[in-house]
Structures are given as structure tokens and as C-alpha cells.
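Undergrad: Enclosed is the structure file data.tsv (TSV, C-alpha atoms and all ligand atoms).
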chain	number	residue	atom	x	y	z
A	1	MET	CA	8.55	18.49	-0.10
A	2	VAL	CA	7.40	14.99	-0.95
A	3	GLU	CA	3.87	15.92	0.14
A	4	GLN	CA	3.72	17.93	-3.05
A	5	LEU	CA	4.66	14.94	-5.19
A	6	ARG	CA	2.15	15.05	-8.04
A	7	GLU	CA	1.28	11.55	-9.07
A	8	PRO	CA	-0.14	11.29	-12.59
A	9	LEU	CA	-3.39	9.74	-11.37
A	10	GLU	CA	-5.63	11.17	-14.08
A	11	GLU	CA	-3.55	9.32	-16.62
A	12	SER	CA	-2.92	6.15	-14.66
A	13	ALA	CA	-6.44	5.55	-13.31
A	14	PRO	CA	-7.91	4.55	-16.70
A	15	LEU	CA	-4.72	2.61	-17.43
A	16	GLY	CA	-5.00	0.70	-14.15
A	17	ARG	CA	-8.67	-0.05	-14.80
A	18	ARG	CA	-7.86	-1.43	-18.26
A	19	LEU	CA	-4.82	-3.40	-17.07
A	20	ALA	CA	-6.77	-4.89	-14.14
A	21	GLY	CA	-9.26	-6.43	-16.60
A	22	GLN	CA	-6.41	-8.02	-18.53
A	23	LEU	CA	-3.77	-8.83	-15.94
A	24	CYS	CA	-5.22	-9.23	-12.46
A	25	ARG	CA	-4.34	-12.49	-10.83
A	26	ARG	CA	-6.97	-15.18	-10.39
A	27	ASP	CA	-6.90	-17.14	-7.18
A	28	PRO	CA	-6.26	-20.74	-8.29
A	29	ALA	CA	-8.66	-22.12	-5.67
A	30	SER	CA	-11.61	-19.70	-5.82
A	31	GLY	CA	-11.14	-18.29	-9.33
A	32	ASP	CA	-11.61	-14.79	-7.88
A	33	SER	CA	-9.47	-12.02	-9.30
A	34	CYS	CA	-8.09	-8.92	-7.53
A	35	ALA	CA	-9.45	-6.62	-10.25
A	36	TRP	CA	-12.07	-5.51	-7.70
A	37	CYS	CA	-9.27	-3.53	-6.04
A	38	HIS	CA	-6.66	-2.77	-8.70
A	39	GLY	CA	-9.25	-1.59	-11.23
A	40	ILE	CA	-10.84	1.08	-9.05
A	41	TRP	CA	-8.06	1.92	-6.57
A	42	GLN	CA	-6.72	4.96	-8.38
A	43	TYR	CA	-10.21	6.37	-9.01
A	44	LEU	CA	-10.80	6.06	-5.27
A	45	ARG	CA	-7.52	7.88	-4.69
A	46	LEU	CA	-8.56	10.67	-7.06
A	47	MET	CA	-11.77	11.05	-5.04
A	48	GLY	CA	-9.79	11.06	-1.77
A	49	LEU	CA	-11.33	7.75	-0.69
A	50	ALA	CA	-8.28	5.49	-0.53
A	51	ALA	CA	-5.55	5.70	2.11
A	52	ALA	CA	-2.21	5.57	0.33
A	53	PRO	CA	1.46	6.51	0.90
A	54	GLU	CA	0.72	10.16	-0.01
A	55	HIS	CA	-1.14	10.51	3.30
A	56	HIS	CA	2.00	9.60	5.21
A	57	ALA	CA	4.58	11.19	2.94
A	58	ASP	CA	6.36	13.05	5.76
A	59	PHE	CA	6.87	9.81	7.65
A	60	TYR	CA	8.26	7.92	4.65
A	61	ARG	CA	10.54	10.84	3.90
A	62	ARG	CA	11.94	10.97	7.42
A	63	ALA	CA	12.30	7.20	7.61
A	64	LEU	CA	13.94	6.74	4.22
A	65	GLN	CA	16.29	9.69	4.62
A	66	SER	CA	17.77	8.05	7.69
A	67	THR	CA	18.20	4.79	5.76
A	68	ARG	CA	21.40	4.91	3.82
A	69	GLY	CA	22.53	1.94	1.83
A	70	ALA	CA	25.46	-0.22	2.79
A	71	GLY	CA	26.65	0.30	-0.80
A	72	ALA	CA	26.38	3.28	-3.12
A	73	ALA	CA	22.71	2.92	-3.99
A	74	PRO	CA	20.25	1.98	-1.25
A	75	ARG	CA	18.45	-1.24	-2.11
A	76	VAL	CA	14.76	-0.83	-1.38
A	77	LEU	CA	12.06	-3.49	-1.58
A	78	VAL	CA	8.49	-2.31	-2.09
A	79	SER	CA	6.62	-5.25	-0.59
A	80	GLY	CA	3.13	-5.16	-2.07
A	81	ALA	CA	1.76	-2.09	-3.83
A	82	ALA	CA	-1.72	-1.35	-5.08
A	83	ASP	CA	-0.17	0.86	-7.77
A	84	TYR	CA	3.08	2.84	-8.29
A	85	SER	CA	2.59	5.21	-5.36
A	86	MET	CA	5.09	3.71	-2.91
A	87	LEU	CA	7.66	3.52	-5.70
A	88	ALA	CA	6.99	7.16	-6.60
A	89	HIS	CA	7.63	8.25	-3.03
A	90	VAL	CA	10.80	6.18	-2.66
A	91	LEU	CA	12.22	7.60	-5.90
A	92	ALA	CA	11.28	11.20	-5.09
A	93	ILE	CA	12.61	11.04	-1.53
A	94	TYR	CA	16.03	9.70	-2.50
A	95	ARG	CA	16.32	11.84	-5.60
A	96	GLU	CA	15.84	14.95	-3.43
A	97	SER	CA	19.24	14.09	-1.98
A	98	GLY	CA	20.72	13.23	-5.35
A	99	ILE	CA	20.62	9.49	-4.65
A	100	GLU	CA	19.31	6.95	-7.14
A	101	PRO	CA	17.91	3.99	-5.20
A	102	ALA	CA	17.80	0.43	-6.54
A	103	VAL	CA	14.13	-0.44	-6.16
A	104	THR	CA	12.48	-3.85	-6.45
A	105	VAL	CA	8.70	-4.05	-6.42
A	106	VAL	CA	7.20	-7.40	-5.44
A	107	ASP	CA	3.49	-8.08	-5.75
A	108	GLU	CA	1.56	-11.26	-6.38
A	109	CYS	CA	-0.43	-9.49	-9.10
A	110	GLU	CA	0.87	-8.25	-12.44
A	111	THR	CA	-1.29	-5.08	-12.50
A	112	PRO	CA	0.61	-3.05	-9.87
A	113	LEU	CA	3.86	-4.22	-11.43
A	114	ALA	CA	2.76	-3.03	-14.88
A	115	LEU	CA	1.78	0.33	-13.33
A	116	SER	CA	5.15	0.51	-11.59
A	117	ARG	CA	6.99	-0.15	-14.85
A	118	TRP	CA	4.87	2.52	-16.54
A	119	TYR	CA	5.76	5.05	-13.83
A	120	ALA	CA	9.44	4.09	-13.77
A	121	GLU	CA	9.68	4.61	-17.51
A	122	ARG	CA	8.17	8.11	-17.22
A	123	GLU	CA	10.66	8.90	-14.48
A	124	ALA	CA	13.62	7.36	-16.30
A	125	ALA	CA	14.17	5.00	-13.37
A	126	SER	CA	15.44	1.49	-13.71
A	127	ILE	CA	13.52	-0.84	-11.39
A	128	GLU	CA	13.03	-4.55	-10.94
A	129	CYS	CA	9.51	-6.00	-10.75
A	130	VAL	CA	8.82	-9.50	-9.49
A	131	ARG	CA	5.44	-11.19	-9.50
A	132	CYS	CA	5.54	-13.44	-6.48
A	133	ASP	CA	3.88	-14.18	-3.17
A	134	ILE	CA	6.13	-12.26	-0.77
A	135	LEU	CA	6.14	-15.28	1.54
A	136	ASP	CA	8.02	-17.19	-1.20
A	137	TYR	CA	10.22	-14.35	-2.45
A	138	THR	CA	13.99	-14.68	-2.24
A	139	ALA	CA	16.68	-12.29	-3.49
A	140	SER	CA	20.37	-12.74	-4.18
A	141	THR	CA	21.37	-9.51	-2.37
A	142	GLU	CA	19.99	-8.21	0.91
A	143	PHE	CA	17.88	-5.05	1.01
A	144	ASP	CA	18.61	-1.92	3.05
A	145	ALA	CA	14.92	-1.14	3.53
A	146	ILE	CA	11.50	-2.66	2.98
A	147	CYS	CA	8.80	-0.10	2.39
A	148	THR	CA	5.10	-0.70	2.22
A	149	HIS	CA	1.72	0.73	3.20
A	150	SER	CA	-1.27	-1.08	4.73
A	151	PHE	CA	0.31	-4.45	3.95
A	152	LEU	CA	0.28	-6.17	7.36
A	153	VAL	CA	-3.52	-6.32	7.24
A	154	GLN	CA	-3.38	-8.44	4.09
A	155	PHE	CA	-2.21	-11.33	6.28
A	156	SER	CA	-3.86	-13.37	9.02
A	157	PRO	CA	-2.07	-13.30	12.40
A	158	GLU	CA	-0.44	-16.69	11.61
A	159	GLN	CA	0.68	-15.59	8.14
A	160	ARG	CA	1.99	-12.32	9.58
A	161	ILE	CA	4.56	-14.26	11.59
A	162	ARG	CA	5.79	-15.84	8.33
A	163	LEU	CA	5.77	-12.43	6.65
A	164	LEU	CA	8.03	-10.97	9.33
A	165	GLN	CA	10.38	-13.96	9.10
A	166	ARG	CA	10.56	-13.47	5.33
A	167	TRP	CA	11.21	-9.73	5.65
A	168	ARG	CA	13.99	-10.48	8.12
A	169	GLN	CA	15.62	-12.86	5.66
A	170	LEU	CA	15.42	-10.23	2.93
A	171	LEU	CA	17.03	-7.41	4.95
A	172	ARG	CA	20.68	-6.89	5.82
A	173	PRO	CA	21.44	-6.61	9.54
A	174	GLY	CA	20.64	-2.98	10.38
A	175	GLY	CA	18.18	-2.72	7.50
A	176	SER	CA	14.66	-1.51	8.25
A	177	VAL	CA	11.00	-2.15	7.66
A	178	ILE	CA	9.14	1.12	7.11
A	179	THR	CA	5.39	0.91	7.08
A	180	VAL	CA	2.04	2.34	8.12
A	181	THR	CA	-0.83	0.22	9.33
A	182	ARG	CA	-4.29	0.69	10.73
A	183	ILE	CA	-5.00	-0.37	14.33
A	184	ARG	CA	-8.46	-1.60	15.25
A	185	PRO	CA	-8.74	-1.87	19.03
A	186	GLY	CA	-11.62	-4.12	19.97
A	187	ALA	CA	-11.84	-5.84	16.57
A	188	GLY	CA	-12.62	-9.55	16.55
A	189	GLU	CA	-10.31	-12.35	15.44
A	190	GLY	CA	-11.70	-12.57	11.92
A	191	ARG	CA	-11.47	-10.27	8.94
A	192	ALA	CA	-12.97	-6.79	9.10
A	193	GLY	CA	-15.06	-5.27	6.33
A	194	PHE	CA	-17.70	-2.67	5.50
A	195	SER	CA	-20.74	-2.68	7.77
A	196	PRO	CA	-24.06	-2.10	5.95
A	197	GLU	CA	-24.06	1.52	7.19
A	198	GLN	CA	-20.49	2.09	6.03
A	199	ALA	CA	-21.28	0.50	2.67
A	200	GLN	CA	-24.27	2.76	2.20
A	201	ALA	CA	-22.28	5.88	3.12
A	202	PHE	CA	-19.33	4.85	0.90
A	203	HIS	CA	-21.60	4.12	-2.08
A	204	ALA	CA	-23.35	7.48	-1.70
A	205	THR	CA	-20.01	9.32	-1.40
A	206	VAL	CA	-18.59	7.63	-4.51
A	207	LEU	CA	-21.70	8.56	-6.48
A	208	ARG	CA	-21.67	12.16	-5.24
A	209	LYS	CA	-17.97	12.69	-5.84
A	210	ALA	CA	-17.98	10.94	-9.20
A	211	GLU	CA	-20.80	13.26	-10.31
A	212	ALA	CA	-18.96	16.32	-9.02
A	213	MET	CA	-15.68	15.20	-10.64
A	214	ARG	CA	-17.20	13.87	-13.86
A	215	GLU	CA	-14.95	16.01	-16.10
A	216	ARG	CA	-11.79	14.98	-14.30
A	217	LEU	CA	-12.58	11.29	-13.89
A	218	GLN	CA	-13.98	10.74	-17.36
A	219	ILE	CA	-16.04	7.78	-16.20
A	220	ASP	CA	-19.77	7.16	-15.76
A	221	PRO	CA	-20.55	7.80	-12.05
A	222	ALA	CA	-23.13	4.99	-11.95
A	223	GLU	CA	-20.55	2.53	-13.31
A	224	LEU	CA	-17.98	3.69	-10.75
A	225	ALA	CA	-20.52	3.31	-7.94
A	226	ARG	CA	-21.29	-0.21	-9.19
A	227	GLU	CA	-17.59	-1.09	-9.15
A	228	ALA	CA	-17.32	0.45	-5.68
A	229	GLY	CA	-19.96	-2.07	-4.56
A	230	ILE	CA	-17.70	-4.94	-5.72
A	231	TYR	CA	-14.70	-3.25	-4.11
A	232	MET	CA	-16.50	-3.06	-0.77
A	233	SER	CA	-17.21	-6.80	-0.77
A	234	GLY	CA	-13.56	-7.55	-1.53
A	235	GLN	CA	-12.01	-5.15	0.98
A	236	ARG	CA	-11.70	-7.47	4.00
A	237	PRO	CA	-8.55	-6.70	5.99
A	238	TRP	CA	-7.23	-8.84	8.83
A	239	PRO	CA	-7.25	-6.48	11.80
A	240	VAL	CA	-4.13	-5.53	13.73
A	241	ARG	CA	-5.61	-4.75	17.11
A	242	SER	CA	-3.00	-2.97	19.16
A	243	ARG	CA	0.44	-1.40	19.32
A	244	GLU	CA	1.47	-4.22	21.68
A	245	GLU	CA	0.58	-6.77	18.99
A	246	ILE	CA	2.90	-4.95	16.57
A	247	LEU	CA	5.74	-4.72	19.07
A	248	GLN	CA	5.48	-8.41	19.83
A	249	LEU	CA	5.25	-9.37	16.18
A	250	PHE	CA	8.42	-7.50	15.24
A	251	GLU	CA	10.43	-8.28	18.35
A	252	ARG	CA	9.70	-12.00	18.18
A	253	ALA	CA	10.87	-12.01	14.55
A	254	GLY	CA	14.24	-10.46	15.44
A	255	PHE	CA	13.58	-6.75	14.94
A	256	ARG	CA	14.03	-3.73	17.20
A	257	VAL	CA	11.11	-1.33	16.93
A	258	ASP	CA	12.63	2.15	16.64
A	259	GLU	CA	9.40	3.98	16.01
A	260	LEU	CA	5.77	3.16	16.65
A	261	SER	CA	4.10	6.53	16.36
A	262	ASP	CA	0.57	7.72	15.75
A	263	ALA	CA	0.07	8.66	12.13
A	264	PRO	CA	-1.39	12.14	11.78
A	265	SER	CA	-5.00	11.87	10.75
A	266	ALA	CA	-5.20	12.56	7.03
A	267	ALA	CA	-6.59	16.08	6.86
A	268	ALA	CA	-9.90	15.64	5.12
A	269	PRO	CA	-11.38	18.84	3.71
A	270	GLU	CA	-14.81	17.31	4.25
A	271	LEU	CA	-16.35	14.50	6.20
A	272	LEU	CA	-15.54	11.15	4.62
A	273	PRO	CA	-17.30	7.88	5.45
A	274	ASN	CA	-15.71	5.98	8.30
A	275	ALA	CA	-14.86	2.76	6.47
A	276	PRO	CA	-11.98	0.39	5.62
A	277	ALA	CA	-9.04	1.95	3.75
A	278	VAL	CA	-10.63	5.43	3.80
A	279	PRO	CA	-8.17	8.20	4.79
A	280	GLY	CA	-8.86	9.56	8.24
A	281	SER	CA	-10.88	6.49	9.30
A	282	GLY	CA	-9.68	4.91	12.51
A	283	GLU	CA	-6.18	5.02	13.98
A	284	ARG	CA	-3.04	4.36	11.99
A	285	VAL	CA	0.50	3.89	13.25
A	286	GLN	CA	3.87	4.50	11.61
A	287	ILE	CA	6.47	1.78	12.13
A	288	ILE	CA	10.23	1.74	11.69
A	289	ALA	CA	11.81	-1.52	12.77
A	290	THR	CA	15.47	-2.51	12.44
A	291	ARG	CA	16.55	-6.03	11.62
A	292	LEU	CA	18.89	-7.20	14.38
B	301	LIG	C1	0.15	-2.90	-0.29
B	301	LIG	S1	-1.41	-3.40	-0.19
B	301	LIG	C2	-2.53	-2.04	0.19
B	301	LIG	C3	-2.49	-0.83	-0.70
B	301	LIG	C4	-1.66	0.28	-0.19
B	301	LIG	N1	-2.45	1.19	0.62
B	301	LIG	C5	-0.96	1.05	-1.28
B	301	LIG	O1	-1.21	2.23	-1.43
B	301	LIG	O2	-0.14	0.47	-2.01
B	301	LIG	C6	-2.13	-4.28	-1.43
B	301	LIG	C7	-1.23	-5.07	-2.41
B	301	LIG	O3	-0.64	-6.19	-1.79
B	301	LIG	C8	-0.64	-7.28	-2.72
B	301	LIG	N2	-0.50	-8.51	-1.96
B	301	LIG	C9	-1.38	-9.02	-1.07
B	301	LIG	N3	-0.91	-10.17	-0.55
B	301	LIG	C10	0.31	-10.38	-1.11
B	301	LIG	C11	1.30	-11.38	-0.98
B	301	LIG	N4	1.13	-12.42	-0.16
B	301	LIG	N5	2.43	-11.28	-1.70
B	301	LIG	C12	2.62	-10.23	-2.54
B	301	LIG	N6	1.71	-9.26	-2.72
B	301	LIG	C13	0.57	-9.33	-2.01
B	301	LIG	C14	-1.93	-7.13	-3.49
B	301	LIG	O4	-1.85	-7.73	-4.78
B	301	LIG	C15	-2.06	-5.61	-3.57
B	301	LIG	O5	-1.54	-5.11	-4.77
If you took the structure in this file and wrote it as C-alpha cells, what would it be?

TA:
Amino acid sequence: MVEQLREPLEESAPLGRRLAGQLCRRDPASGDSCAWCHGIWQYLRLMGLAAAPEHHADFYRRALQSTRGAGAAPRVLVSGAADYSMLAHVLAIYRESGIEPAVTVVDECETPLALSRWYAEREAASIECVRCDILDYTASTEFDAICTHSFLVQFSPEQRIRLLQRWRQLLRPGGSVITVTRIRPGAGEGRAGFSPEQAQAFHATVLRKAEAMRERLQIDPAELAREAGIYMSGQRPWPVRSREEILQLFERAGFRVDELSDAPSAAAPELLPNAPAVPGSGERVQIIATRL
């Protein structure tokens, strides 16, 4: 079962933190870097505080298994990845059936690409990594599937239309987008974020868990809680507000939505703060859409 996929997070979390300091992309206009996310993301995952592909492994497995390539090896595009997790799932799922997929990972930041290369090398997989804004990305051969997690909320509603157009151009007819996204009914037009109460609860949880997991995390809990503070200011998703919005978005871009199902709530062994990108917070949906 892919649910049992053991990702080497204890090894890659310190690597990601170090790489983020060296490689994370600076926004040319603001000078801000995305190290606030890429540096701490895997520590948050180790503490069970970051929603990632592992929480929807059954869905990705089912969706990818029904996606066979037009050629011998399915061509899969991982469109945005905070680390190597989506790649790890794609590889494991296909390899279960003895298939070696041809995976390309595109991200605008070098850090997730470096982590993907690191993982691919461990797994003796040959992958392609491209640092590029997905809205500008072109490929010489069409993909059979585009796989990503929590990516739609990185884009404003206007940009999302361009994203879907780009994905359509990148897929072969019959190819699919496979993704999971959070739905925020009743959210406003602007970006979401941590409320002061959520921030307080998240900070306290990071501190408590980092203390409890000190041996495993090998990092000063106070330092991790400080970095979590920076992470919370940076985590500002553009809300997707309804299933209808998703249907419209895909259908208007030339896709048929084959599945728009409720994602099972990530089983949390304990109560986690209700906050952005935390597993079990809010509603998430699983989407499979075919390019017409
Ligand atoms: C896929 S998402 C969310 C994380 C996700 N839950 C996961 O587990 O991978 C975040 C990634 O998208 C990337 N990203 C955001 N906007 C992008 C864009 N326009 N083009 C390419 N990558 C982008 C960021 O650099 C980040 O690594």
C-alpha cells in the first residue's frame, strides 16, 4: 500500500532547511524568498502539521493507476512541489505495477527540485527537473498526467484560469490533472491566512511537539517555533470557495471533471490546530479532470 510509503523525512528535513537558506528563490520585485516555507516544511510534516500527498495517498494511487501512458512509460508532470513527496508517491504507485514512469518536476524554486533530485538518486530513478514558473513552462512532448497537491491555491482566481490553460497545453488529449485542494466556503475574495487565534494555537503546538520530538527532530524547539512564526506570515493561500468554482474552472478550460470527491479527513491521532495547510483542517476535495 502506498499509504505505508516511508519517506526519509528525518534525513531530508535538515537537508531541506540547509538548501532553503542557499537556494530558495528571491522574488525580483519584493526581494522576499520562499525559504519561509521550504526550510520548515518537512519539519512540519514530521510533526504532522503539514498537509501533503501522504494524506491522500489512496486517491493518488487510484487516480494514477487508471492513467496509463500513450507510450510505454507514462509521462507525468509534477506541477509544483514543496519537496519530493509527490514524486515519491508517483514513483511508488507506478513501480507497484512494474512500470517506470517518466517524471518531470517543475517548480519556480530550486529547493524542491534539489530535494527531488536527492530522492530520485536514492531511488535510482531518472527524472527531469525544471526551474520555471509553470505559467511559462513548455515541453516538447505532451504529458499523460499532471499531479500536484494544494497547488490551485497558490494562484489568484485570474491566474488560475491561465494555469488551467497551461495545463491543458501540456497534456495530451485524454490526459488528466490529478490533484487535491482545500475548499473554503464563505471565504472572501482576497488571500486567506492564519487568524491571531490560529497563529497562537499553531505556535504552541509547534513548541509542544518540537519539545516532545526533540530527539527525532534534532533541532532547538524555540528556533523551530520562531521559524514557524515566519512560516505563518508567509502562508497566505488564495481560497477556492466551492466545488462549483472548480467545475467551472476546469470545464471552461476544456476539461471534463471525472471526479470531484470529498477527501477523507486526515485521521489525526490528536486535536491539531485548525489553520492553513494543517491536515484535517477544513474541507478538501480530490479532483480528476480529463483534457478534452
Ligand atoms: C505544490 S505547493 C503546496 C505544497 C504541497 N502540499 C506539497 O506537499 O507539495 C507549493 C509549491 O509550489 C511552488 N510554486 C508556487 N507557484 C508556482 C508557480 N507559479 N510555478 C511553479 N511553481 C510554483 C512553490 O515554489 C512551492 O514549492

Undergrad: Can you pull out the residues contacting stretch 94-105 of chain A? Cut-off 9 Å, using only C-alpha atoms, and skip same-chain residues under 5 positions away; I want them as a PyMOL selection string.

TA: chain A and resi 1-2+61+64-65+69+72-81+87+89+112-113+116+125-131

Undergrad: Write to file, as an mmCIF file, in the frame of the given file, the residues of the selection just made, with C-alpha atoms.

TA:
data_model
loop_
_atom_site.group_PDB
_atom_site.id
_atom_site.type_symbol
_atom_site.label_atom_id
_atom_site.label_comp_id
_atom_site.auth_asym_id
_atom_site.auth_seq_id
_atom_site.Cartn_x
_atom_site.Cartn_y
_atom_site.Cartn_z
ATOM 1 C CA MET A 1 8.550 18.490 -0.100
ATOM 2 C CA VAL A 2 7.400 14.990 -0.950
ATOM 3 C CA ARG A 61 10.540 10.840 3.900
ATOM 4 C CA LEU A 64 13.940 6.740 4.220
ATOM 5 C CA GLN A 65 16.290 9.690 4.620
ATOM 6 C CA GLY A 69 22.530 1.940 1.830
ATOM 7 C CA ALA A 72 26.380 3.280 -3.120
ATOM 8 C CA ALA A 73 22.710 2.920 -3.990
ATOM 9 C CA PRO A 74 20.250 1.980 -1.250
ATOM 10 C CA ARG A 75 18.450 -1.240 -2.110
ATOM 11 C CA VAL A 76 14.760 -0.830 -1.380
ATOM 12 C CA LEU A 77 12.060 -3.490 -1.580
ATOM 13 C CA VAL A 78 8.490 -2.310 -2.090
ATOM 14 C CA SER A 79 6.620 -5.250 -0.590
ATOM 15 C CA GLY A 80 3.130 -5.160 -2.070
ATOM 16 C CA ALA A 81 1.760 -2.090 -3.830
ATOM 17 C CA LEU A 87 7.660 3.520 -5.700
ATOM 18 C CA HIS A 89 7.630 8.250 -3.030
ATOM 19 C CA PRO A 112 0.610 -3.050 -9.870
ATOM 20 C CA LEU A 113 3.860 -4.220 -11.430
ATOM 21 C CA SER A 116 5.150 0.510 -11.590
ATOM 22 C CA ALA A 125 14.170 5.000 -13.370
ATOM 23 C CA SER A 126 15.440 1.490 -13.710
ATOM 24 C CA ILE A 127 13.520 -0.840 -11.390
ATOM 25 C CA GLU A 128 13.030 -4.550 -10.940
ATOM 26 C CA CYS A 129 9.510 -6.000 -10.750
ATOM 27 C CA VAL A 130 8.820 -9.500 -9.490
ATOM 28 C CA ARG A 131 5.440 -11.190 -9.500
#

Undergrad: Rounded to one decimal in Å, what is the spacing between atom CA of A:Val180 and atom CA of A:Ala92?

TA: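 Separating atom CA of A:Val180 from atom CA of A:Ala92 is a distance of 18.4 Å.
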
Undergrad: List all protein, DNA and RNA residues that have at least one atom no more than 7 Å from any atom of ligand LIG 301 (chain B), counting all atoms listed in the file, and write them as an MDAnalysis selection string.

TA: chainID A and resid 34 38 51:53 79:83 85:86 106:109 112 132:135 148:151 154

Undergrad: May I ask for the distance between atom CA of A:Asp27 and atom CA of A:Glu227, given in Å to one decimal place?

TA: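 A separation of 19.4 Å between them.
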
Undergrad: Please report the interatomic distance between atom CA of A:Glu110 and atom CA of A:Thr179 in Å with one decimal.

TA: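 Here the two named atoms are 22.0 Å from each other.
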
Undergrad: Just the residues within 12 Å of A:Arg18, please, counting only C-alpha atoms, with nothing from its chain fewer than 6 positions along; format it as an NGL selection string.

TA: :A and (11-12 or 24 or 35 or 38-40 or 42 or 111 or 114-115)
